[in-house]
Amino acid sequence: MSQKRQRNLVQDNRTLAPRSTKTVVYRPESQIRRPRQLLWEMWRDLLASRELAWRLLVRDISAQYRQSFFGIIWAFLPPIVTALGFTLARNNGVVNIGETNIPYPVYVMFSMALWQTFVESLNGPIQAVNQAKPMLAKINFPREAIILAKLGEVFFNFGIKTLLLIGMFILFQVSVSWTVVIAPVALIHLVALGTSLGLFLAPMATLYQDFSRALLMITGFWLFLTPVVFPVPTSGLFGAVVRLNPVTPLLVTVRDLTTTGIVSDPAGFWAVSAIAFVGLFVAWILYRLSMPFVVERISS
Amino acid sequence: MTSPDDDVVLSVNGVSKRFCRDLKRSLLYGVQDIGAEVLGVRGKADSLRPKEFWALKDVSFQLRRGEALGLVGKNGSGKSTLLRIIAGLIRPDAGSVEVKGRVAPLIALGAGFNPILTGRENIYANMSILGLTKQEIDDRFDEVVEFAEIGDAIDSPVQGYSSGMAARLGFATAIHTEPDILLIDEVLAVGDIKFQSKCYRRLDELKQKAISFILVAHNPEAIYATCTSAVYLLKGDLITQGDVSPVMRRYEEELYKYETDEQAHGELFTAKKAKDESAGLDIVSVHFQDKNGKKTSQPISGEFTRVCINCYAHNNYDEIGLRIRIQKQGHGGDFLFMNNLHDKQPLQVKKGNNNIYLDFPYLGLMPGTYALIVVLLQGQLHQFDVSSPLNFKVEMHEGQRNLERSQFYQPRHWSSLKI
C-alpha cells in the first residue's frame with residue numbers, strides 16, 4: 001500500500017514539473033518576414049534535434065546491418081572493386097593514366113572513398129526526406145534531425161572505409177605526412193559542400209522525382225571530371241574544367257594532407273569552403289521554409 | 001492575470017486552407033508556395049487558384065485546459081487537415097492558430113517504427129521523435145510496456161508483432177509522452193474492445209490531469225462518452241459547435257437528411273418486363289405500410305410494419321419462395337436475412353397481379369438508413385426475379401429517443417408482483 005502511494009507521489013511530482021507554456025503561432029505569412037525569430041528557431045531546433053538525430057542514426061545503422069549477412073563488408077567492396085578494375089585497365093594499357101605520387105591502387109581506392117563520401121553527402125538530405133516521409137507527414141519534430149542523422153551515417157561509413165584505407169597504406173608501405181591529423185577538417189568541408197547541394201535540392205526532389213534521376217546521371221559523369229581515377233591534369237581544356245570543378249580542390253586537399261603534407265591549391269580550397277558553408281546556411285533556411293509545403297503534398 | 005482566457009490552450013482563429021485534387025497542379029502550386037515563402041511575399045490567401053477548393057473555410061474555436069473536444073464530420077470534411085494545421089505540420093492559408101504548450105499527435109500510431117528493430121528500440125526511437133529526452137523515456141519505459149501488454153515480445157522485432165500489438169505499442173508510446181494537447185485521429189478503432197476501453201480510461205485520467213485533447217471519431221458513442229464539447233465540420237465549413245449533445249444531434253440529423261434526400265425513397269417500382277425477358281413471375285413494386293394499412297416511406301421502430309410486394313405472374317405457381325435481405329448503411333453484409341421457405345411457409349400466386357405481404361408485428365430496426373432487396377424463388381434454386389435495392393429510412397417516435405443507444409428494438413412489457 002505504502003509502496004503504491006510512493007509511486008503515485010512520484011507520478012504527481014512529474015506532472016507538476018514545470019511545463020513549457022510558450023505560445024506558438026502558426027500564420028500564413030512568410031516566416032522570412034520575421035528573420036530574428038526564424039534564426040532563433042533554427043538555433044533552438046538544431047540544439048533540440050541532437051538527441052533525436054543520434055537515436056535515428058543508431059536506429060538506421062543497426063537496422064541496416066541487422067538485415068544484412070555480410071554487414072560492413074559492403075562498405076569495403078565497392079572501392080576495392082573499382083580500384084581493381086582501374087588498376088587492371090591501366091596496367092594492361094587499356095586506359096592511359098599518368099603517374100600518381102602514391103601506388104595507383106592506393107590512389108584510386110583512397111580517392112574513390114572520398115568521392116563516395118561526397119556523393120553520399122550529396123544524396124543524403126534527399127534520401128533522408130524520402131525515408132522519413134511517413135514521420136514528416138504526421139509528427140512535428142525538428143526537421144534538422146533527419147539531416148543530422150544522415151550526416152552521421154556518412155561519417156560512420158567513411159570511418160569504416162578508413163579501416164580499409166589504413167590496411168592498404170600499410171600493405172603498399174605508403175608513408176603518411178603528419179598533416180594527416182588535420183585531413184578530417186578538409187573532409188568536413190567536402191561533406192559540407194555535398195550536404196549544401198543536397199539540402200538545396202531536397203524539397204524540390206521530394207516533390208518531383210526528376211531531380212533524383214538527374215542527380216544519379218550527373219554524379220556518374222561528374223566522377224570523370226574529378227581527379228579520382230587520374231591525377232590532377234596540369235594543362236589543356238580538360239585540365240581547366242577539372243580545376244573549375246568545386247569538388248577538386250576539397251578532395252585534392254584531403255589527399256594532399258594525408259600523403260605529401262603540401263596543399264597544392266590552398267586558394268581554391270578556401271574559396272570553395274566558403275561557398276560550401278555559406279551555401280549550407282542558405283540551403284538550411286530554404287529547407288526549413290519549404291518543408292511545410294512539401295509535407296502538404298505528402299499524403300499521410 | 002486570472003482572466004478566463006488564461007485557460008485557453010489552443011485557439012483557432014478563422015483558419016482556411018485550400019487544396020487541389022489534381023496532383024500535377026498541386027505539385028506546381030507547392031513550388032509556387034515555396035517560392036512565395038522564400039521571397040517573403042506569401043501572405044493571407046482569400047481566393048482559390050484554378051482547380052482548388054477550400055478544405056477548411058474560416059474555422060474558429062478554442063480549447064481550454066482539461067477540455068475534451070470531439071471533432072465530427074463526414075469523410076473529407078477537413079477534420080484531418082485541421083489536426084495537421086494544429087500540429088504545425090502544414091501552414092494555414094488564412095487565419096492563425098495559437099498553441100500553448102506541447103502538442104502530441106496521435107495521428108501517428110507507430111510512425112517511425114522500424115520493423116527490423118525490437119519493440120524496445122522502437123519505443124526509444126519513437127518517443128524521441130515525439131520530443132522526449134532519454135531520461136524521460138527511461139522513466140516511462142516500464143509503464144509503456146505494461147500499458148501496451150507486450151510482455152516478453154518487447155525484445156523481438158516489431159515485424160513479428162500482430163497488427164493489434166503494434167497498434168497497442170504505438171498508442172502506448174504516444175499517450176505516455178504526456179503532452180499539453182493530445183490530437184487523436186480515429187486511432188482508437190484499433191485493438192480489441194478490452195484495449196479500447198483501457199484507452200478511454202486512460203484518456204479520462206489525462207483529462208483529470210488537465211491535459212486537453214481533440215478526438216476525431218466516426219462512432220458517436222466515443223464522442224458522447226469522452227468529450228465535453230464538439231465541433232461539426234461539413235465540407236470545410238464549421239456548421240456548429242458547443243456542448244456535445246446539440247452538436248451531435250445536428251450532425252446525426254444532417255447525416256440522415258443528406259442520405260434521405262439523395263436516395264432513400266422508401267418505395268420501389270420496376271419497369272414491366274416483356275414476356276420473353278420474364279422468368280414467369282416479376283416484381284412490380286415494393287413499399288411499406290403502417291398499422292393502419294396506409295402506405296409509408298419511413299417505417300417506425302417498434303411499430304407494426306408490413307412490407308408489400310406486388311408481383312405479376314404469367315402462370316399459377318405453388319411453392320413460391322421469397323428471400324428478403326436488409327442491409328444497413330455502414331454495416332457490412334446482410335443486417336437481416338429472411339426466407340419464407342426456411343420458415344416452412346411456402347406461398348402461392350395466381351396468374352395476374354398478386355400482393356405478397358411480410359408482416360413485422362414490431363419493427364426491430366433502429367433509426368438509420370437501410371436497403372432492402374427482394375428475391376423471388378421457386379424452390380431454393382430457381383430464381384424468378386431480383387429487385388434492385390430499395391433504400392429506406394427508419395424513424396423513431398420522439399418519445400422513444402432515449403432508446404437510441406440500443407442496437408435493435410426490443411418489444412417489452414414491465415410489471416411487478418409481490419410474492
# chains A, B, ... in the order shown; residues from 1 in each chain; ligands from 1
>>> interface_residues(of="chain B", to="chain A", cutoff="7 Å", atoms="only C-alpha atoms", output="ChimeraX atom specification")
/B:27,30,33-34,37-38,40-44,87-101,105,107-108,111-112,116-117,125,128-131
>>> residues_around(residues="Val103 (chain B)", least_positions_apart="3", cutoff="6 Å", atoms="only C-alpha atoms", output="ChimeraX atom specification")
/B:179,181-182
>>> residues_around(residues="region 213-225 of chain A", least_positions_apart="5", cutoff="8 Å", atoms="only C-alpha atoms", output="list in words")
Trp115, Val119, Val241, Val242 and Asn245 of chain A
>>> select_by_dssp(residues="region 139-291 of chain B", states="strand (DSSP E)", output="ChimeraX atom specification")
/B:181-185,212-216,229-234,237-243,267-269,281-289
>>> select_by_dssp(residues="region 166-251 of chain B", states="alpha helix (DSSP H)", output="PyMOL selection string")
chain B and resi 166-175+193-208+220-226+244-251
>>> closest_residue(among="B:Leu233, B:Leu169, B:Ala371, B:Ala313", to="Gly73 (chain B)", atoms="only C-alpha atoms")
B:Leu233
